[in-house]
$ cat start_0.tsv   # TSV, C-alpha atoms
chain	number	residue	atom	x	y	z
A	1	GLN	CA	16.90	1.58	7.87
A	2	VAL	CA	13.44	0.14	7.60
A	3	GLN	CA	12.70	-3.25	6.13
A	4	LEU	CA	9.29	-3.95	4.63
A	5	VAL	CA	7.92	-7.39	3.83
A	6	GLU	CA	4.65	-7.84	1.98
A	7	SER	CA	2.45	-10.92	2.15
A	8	GLY	CA	-1.05	-12.01	1.28
A	9	GLY	CA	-0.92	-11.96	-2.48
A	10	GLY	CA	-2.10	-14.82	-4.62
A	11	LEU	CA	-4.47	-15.99	-7.30
A	12	VAL	CA	-8.13	-15.09	-6.90
A	13	GLN	CA	-11.17	-15.10	-9.14
A	14	ALA	CA	-12.81	-11.89	-10.24
A	15	GLY	CA	-15.16	-10.65	-7.57
A	16	GLY	CA	-13.08	-12.14	-4.80
A	17	SER	CA	-11.14	-10.51	-1.98
A	18	LEU	CA	-7.60	-10.40	-0.65
A	19	ARG	CA	-5.95	-8.78	2.32
A	20	LEU	CA	-2.37	-7.74	1.84
A	21	SER	CA	-0.10	-7.19	4.80
A	22	CYS	CA	3.15	-5.27	5.14
A	23	ALA	CA	5.32	-5.91	8.16
A	24	ALA	CA	7.91	-3.28	9.03
A	25	SER	CA	11.07	-3.85	11.01
A	26	GLY	CA	14.18	-1.90	11.83
A	27	ARG	CA	14.05	1.75	12.77
A	28	THR	CA	10.29	2.00	12.64
A	29	SER	CA	9.82	5.55	13.75
A	30	ARG	CA	6.83	7.49	12.52
A	31	TYR	CA	6.15	6.79	8.87
A	32	ALA	CA	3.27	7.25	6.53
A	33	MET	CA	2.65	4.04	4.63
A	34	GLY	CA	1.57	3.51	1.07
A	35	TRP	CA	0.63	0.74	-1.31
A	36	PHE	CA	1.57	0.89	-4.96
A	37	ARG	CA	1.19	-1.59	-7.79
A	38	GLN	CA	2.93	-2.34	-11.03
A	39	ALA	CA	1.44	-4.36	-13.85
A	40	PRO	CA	3.68	-5.91	-16.53
A	41	GLY	CA	4.98	-3.25	-18.90
A	42	LYS	CA	3.44	-0.41	-16.91
A	43	GLU	CA	4.64	2.17	-14.44
A	44	ARG	CA	4.35	1.71	-10.72
A	45	ARG	CA	1.20	3.46	-9.58
A	46	PHE	CA	-0.32	4.64	-6.35
A	47	VAL	CA	-3.05	2.53	-4.75
A	48	ALA	CA	-3.58	3.83	-1.21
A	49	ALA	CA	-1.79	5.55	1.64
A	50	ILE	CA	-2.31	6.24	5.31
A	51	THR	CA	-0.72	8.64	7.77
A	52	TRP	CA	1.07	7.59	10.94
A	53	THR	CA	-2.03	8.11	13.08
A	54	GLY	CA	-4.41	6.71	10.50
A	55	ASP	CA	-6.41	9.93	10.49
A	56	SER	CA	-5.81	10.63	6.83
A	57	LYS	CA	-6.15	8.10	4.02
A	58	ASN	CA	-6.27	8.42	0.30
A	59	TYR	CA	-7.03	6.04	-2.53
A	60	ALA	CA	-6.55	5.84	-6.25
A	61	ASP	CA	-9.81	6.29	-8.14
A	62	SER	CA	-9.38	2.81	-9.59
A	63	VAL	CA	-9.73	1.15	-6.17
A	64	LYS	CA	-11.83	3.68	-4.28
A	65	GLY	CA	-14.88	2.06	-2.74
A	66	ARG	CA	-13.38	-1.42	-3.14
A	67	SER	CA	-10.33	-1.16	-0.93
A	68	ALA	CA	-9.46	-0.16	2.60
A	69	ILE	CA	-6.05	0.66	4.03
A	70	SER	CA	-5.42	0.33	7.75
A	71	ARG	CA	-2.51	0.00	10.13
A	72	ASP	CA	-1.64	-1.46	13.51
A	73	ASN	CA	1.28	0.49	14.91
A	74	ASP	CA	1.69	-1.91	17.83
A	75	ARG	CA	2.37	-4.66	15.31
A	76	ASN	CA	4.26	-2.39	12.86
A	77	THR	CA	1.95	-3.66	10.14
A	78	VAL	CA	-0.15	-2.02	7.46
A	79	TYR	CA	-2.96	-3.75	5.61
A	80	LEU	CA	-4.73	-3.36	2.31
A	81	GLN	CA	-8.12	-5.05	2.08
A	82	MET	CA	-9.22	-5.40	-1.52
A	83	ASN	CA	-12.73	-6.48	-2.46
A	84	SER	CA	-14.60	-6.99	-5.72
A	85	LEU	CA	-11.31	-7.68	-7.43
A	86	LYS	CA	-11.07	-7.29	-11.19
A	87	PRO	CA	-8.62	-8.74	-13.70
A	88	GLU	CA	-7.17	-5.23	-14.14
A	89	ASP	CA	-6.09	-5.32	-10.50
A	90	THR	CA	-3.49	-7.91	-11.46
A	91	ALA	CA	-0.06	-6.55	-10.55
A	92	VAL	CA	2.81	-6.76	-8.14
A	93	TYR	CA	1.81	-4.82	-5.04
A	94	TYR	CA	4.47	-2.91	-3.15
A	95	CYS	CA	4.44	-1.47	0.32
A	96	ALA	CA	6.36	1.74	0.96
A	97	ALA	CA	7.22	3.97	3.91
A	98	SER	CA	7.50	7.74	3.89
A	99	SER	CA	9.05	9.98	6.53
A	100	ALA	CA	7.07	12.80	4.95
A	101	CYS	CA	3.28	12.82	4.59
A	102	LEU	CA	2.93	12.25	8.31
A	103	ASP	CA	-0.13	14.40	8.88
A	104	TYR	CA	-2.00	14.36	5.60
A	105	ILE	CA	-2.02	12.30	2.41
A	106	SER	CA	-1.73	15.03	-0.17
A	107	THR	CA	-1.47	14.72	-3.93
A	108	TYR	CA	2.32	14.67	-3.52
A	109	CYS	CA	1.97	11.67	-1.22
A	110	LYS	CA	0.31	9.77	-4.07
A	111	SER	CA	3.56	9.85	-6.04
A	112	LEU	CA	6.63	7.69	-5.58
A	113	GLY	CA	8.83	10.62	-4.57
A	114	PRO	CA	8.23	10.90	-0.83
A	115	TYR	CA	8.66	7.20	-0.10
A	116	ASN	CA	12.02	6.32	1.40
A	117	TYR	CA	11.71	2.56	1.73
A	118	TRP	CA	10.14	-0.15	-0.38
A	119	GLY	CA	9.31	-3.80	0.02
A	120	GLN	CA	10.00	-6.51	-2.53
A	121	GLY	CA	6.39	-6.83	-3.59
A	122	THR	CA	3.71	-9.49	-3.59
A	123	GLN	CA	1.97	-10.78	-6.72
A	124	VAL	CA	-1.78	-10.45	-7.04
A	125	THR	CA	-3.40	-12.23	-9.97
A	126	VAL	CA	-7.12	-11.93	-10.64
A	127	SER	CA	-8.59	-14.39	-13.10
A	128	ALA	CA	-11.64	-13.60	-15.18
$ encode --input "start_0.tsv" --output "structure tokens"
Amino acid sequence: QVQLVESGGGLVQAGGSLRLSCAASGRTSRYAMGWFRQAPGKERRFVAAITWTGDSKNYADSVKGRSAISRDNDRNTVYLQMNSLKPEDTAVYYCAASSACLDYISTYCKSLGPYNYWGQGTQVTVSA
């Protein structure tokens, strides 16, 4: 089992920045890590993902150029830096771990399917 705990969410004005963190504990063997978000009344959607080594990353078009995913395997933590935030970025952000997608973040790895473990989420609210 892997436990994931997100932090770093909050209320920020449009144009501001946030850095989300996801701390993993338990049987933290090699996992690809992803961030997803879910706005009220909408489906959970892919934001970004990173392989175990960090060599491959992928982003949703909606955040590309404004966000950066990174990881520190010594600390069992993955980060999502979000800049130039917009009101449409408002959502609950979830961290997820995948035992697949280890070497490359493919299109499949941008779906919910390959992710085995999920955190409880952290709220991000961007005011206009």
$ residues_around --input "start_0.tsv" --residues "Ser127 in chain A" --least-positions-apart "3" --cutoff "7 Å" --atoms "all atoms listed in the file" --output "list of chain:residue names"
A:Val12, A:Gln13, A:Ala14, A:Pro87
$ atom_distance --input "start_0.tsv" --atom1 "CA of Tyr94 in chain A" --atom2 "CA of Asp61 in chain A"
17.7 Å
$ residues_around --input "start_0.tsv" --residues "Ala60 in chain A" --least-positions-apart "2" --cutoff "10 Å" --atoms "all atoms listed in the file" --output "MDAnalysis selection string"
chainID A and resid 36 45:49 58 62:65 67 110
$ closest_residue --input "start_0.tsv" --among "A:Ala68, A:Leu112, A:Ala24, A:Ala128" --to "Gln81 in chain A" --atoms "all atoms listed in the file"
A:Ala68
$ closest_residue --input "start_0.tsv" --among "A:Gly15, A:Gly113, A:Gly119, A:Gly41" --to "Ser84 in chain A" --atoms "all atoms listed in the file"
A:Gly15
$ closest_residue --input "start_0.tsv" --among "A:Thr77, A:Thr51, A:Gln38, A:Thr90" --to "Ile105 in chain A" --atoms "all atoms listed in the file"
A:Thr51
$ closest_residue --input "start_0.tsv" --among "A:Asn73, A:Asn83, A:Gln1, A:Ser56" --to "Arg30 in chain A" --atoms "only C-alpha atoms"
A:Asn73
$ atom_distance --input "start_0.tsv" --atom1 "CA of Cys95 in chain A" --atom2 "CA of Val126 in chain A"
19.1 Å
$ atom_distance --input "start_0.tsv" --atom1 "CA of Lys57 in chain A" --atom2 "CA of Tyr104 in chain A"
7.7 Å
$ residues_around --input "start_0.tsv" --residues "Asp103 in chain A" --least-positions-apart "4" --cutoff "9 Å" --atoms "only C-alpha atoms" --output "list of chain:residue names"
A:Ala32, A:Thr51, A:Trp52, A:Thr53, A:Gly54, A:Asp55, A:Ser56
$ write_last_selection --input "start_0.tsv" --atoms "C-alpha atoms" --output "CSV table (one decimal), in the frame of the given file"
chain,number,residue,atom,x,y,z
A,32,ALA,CA,3.3,7.2,6.5
A,51,THR,CA,-0.7,8.6,7.8
A,52,TRP,CA,1.1,7.6,10.9
A,53,THR,CA,-2.0,8.1,13.1
A,54,GLY,CA,-4.4,6.7,10.5
A,55,ASP,CA,-6.4,9.9,10.5
A,56,SER,CA,-5.8,10.6,6.8
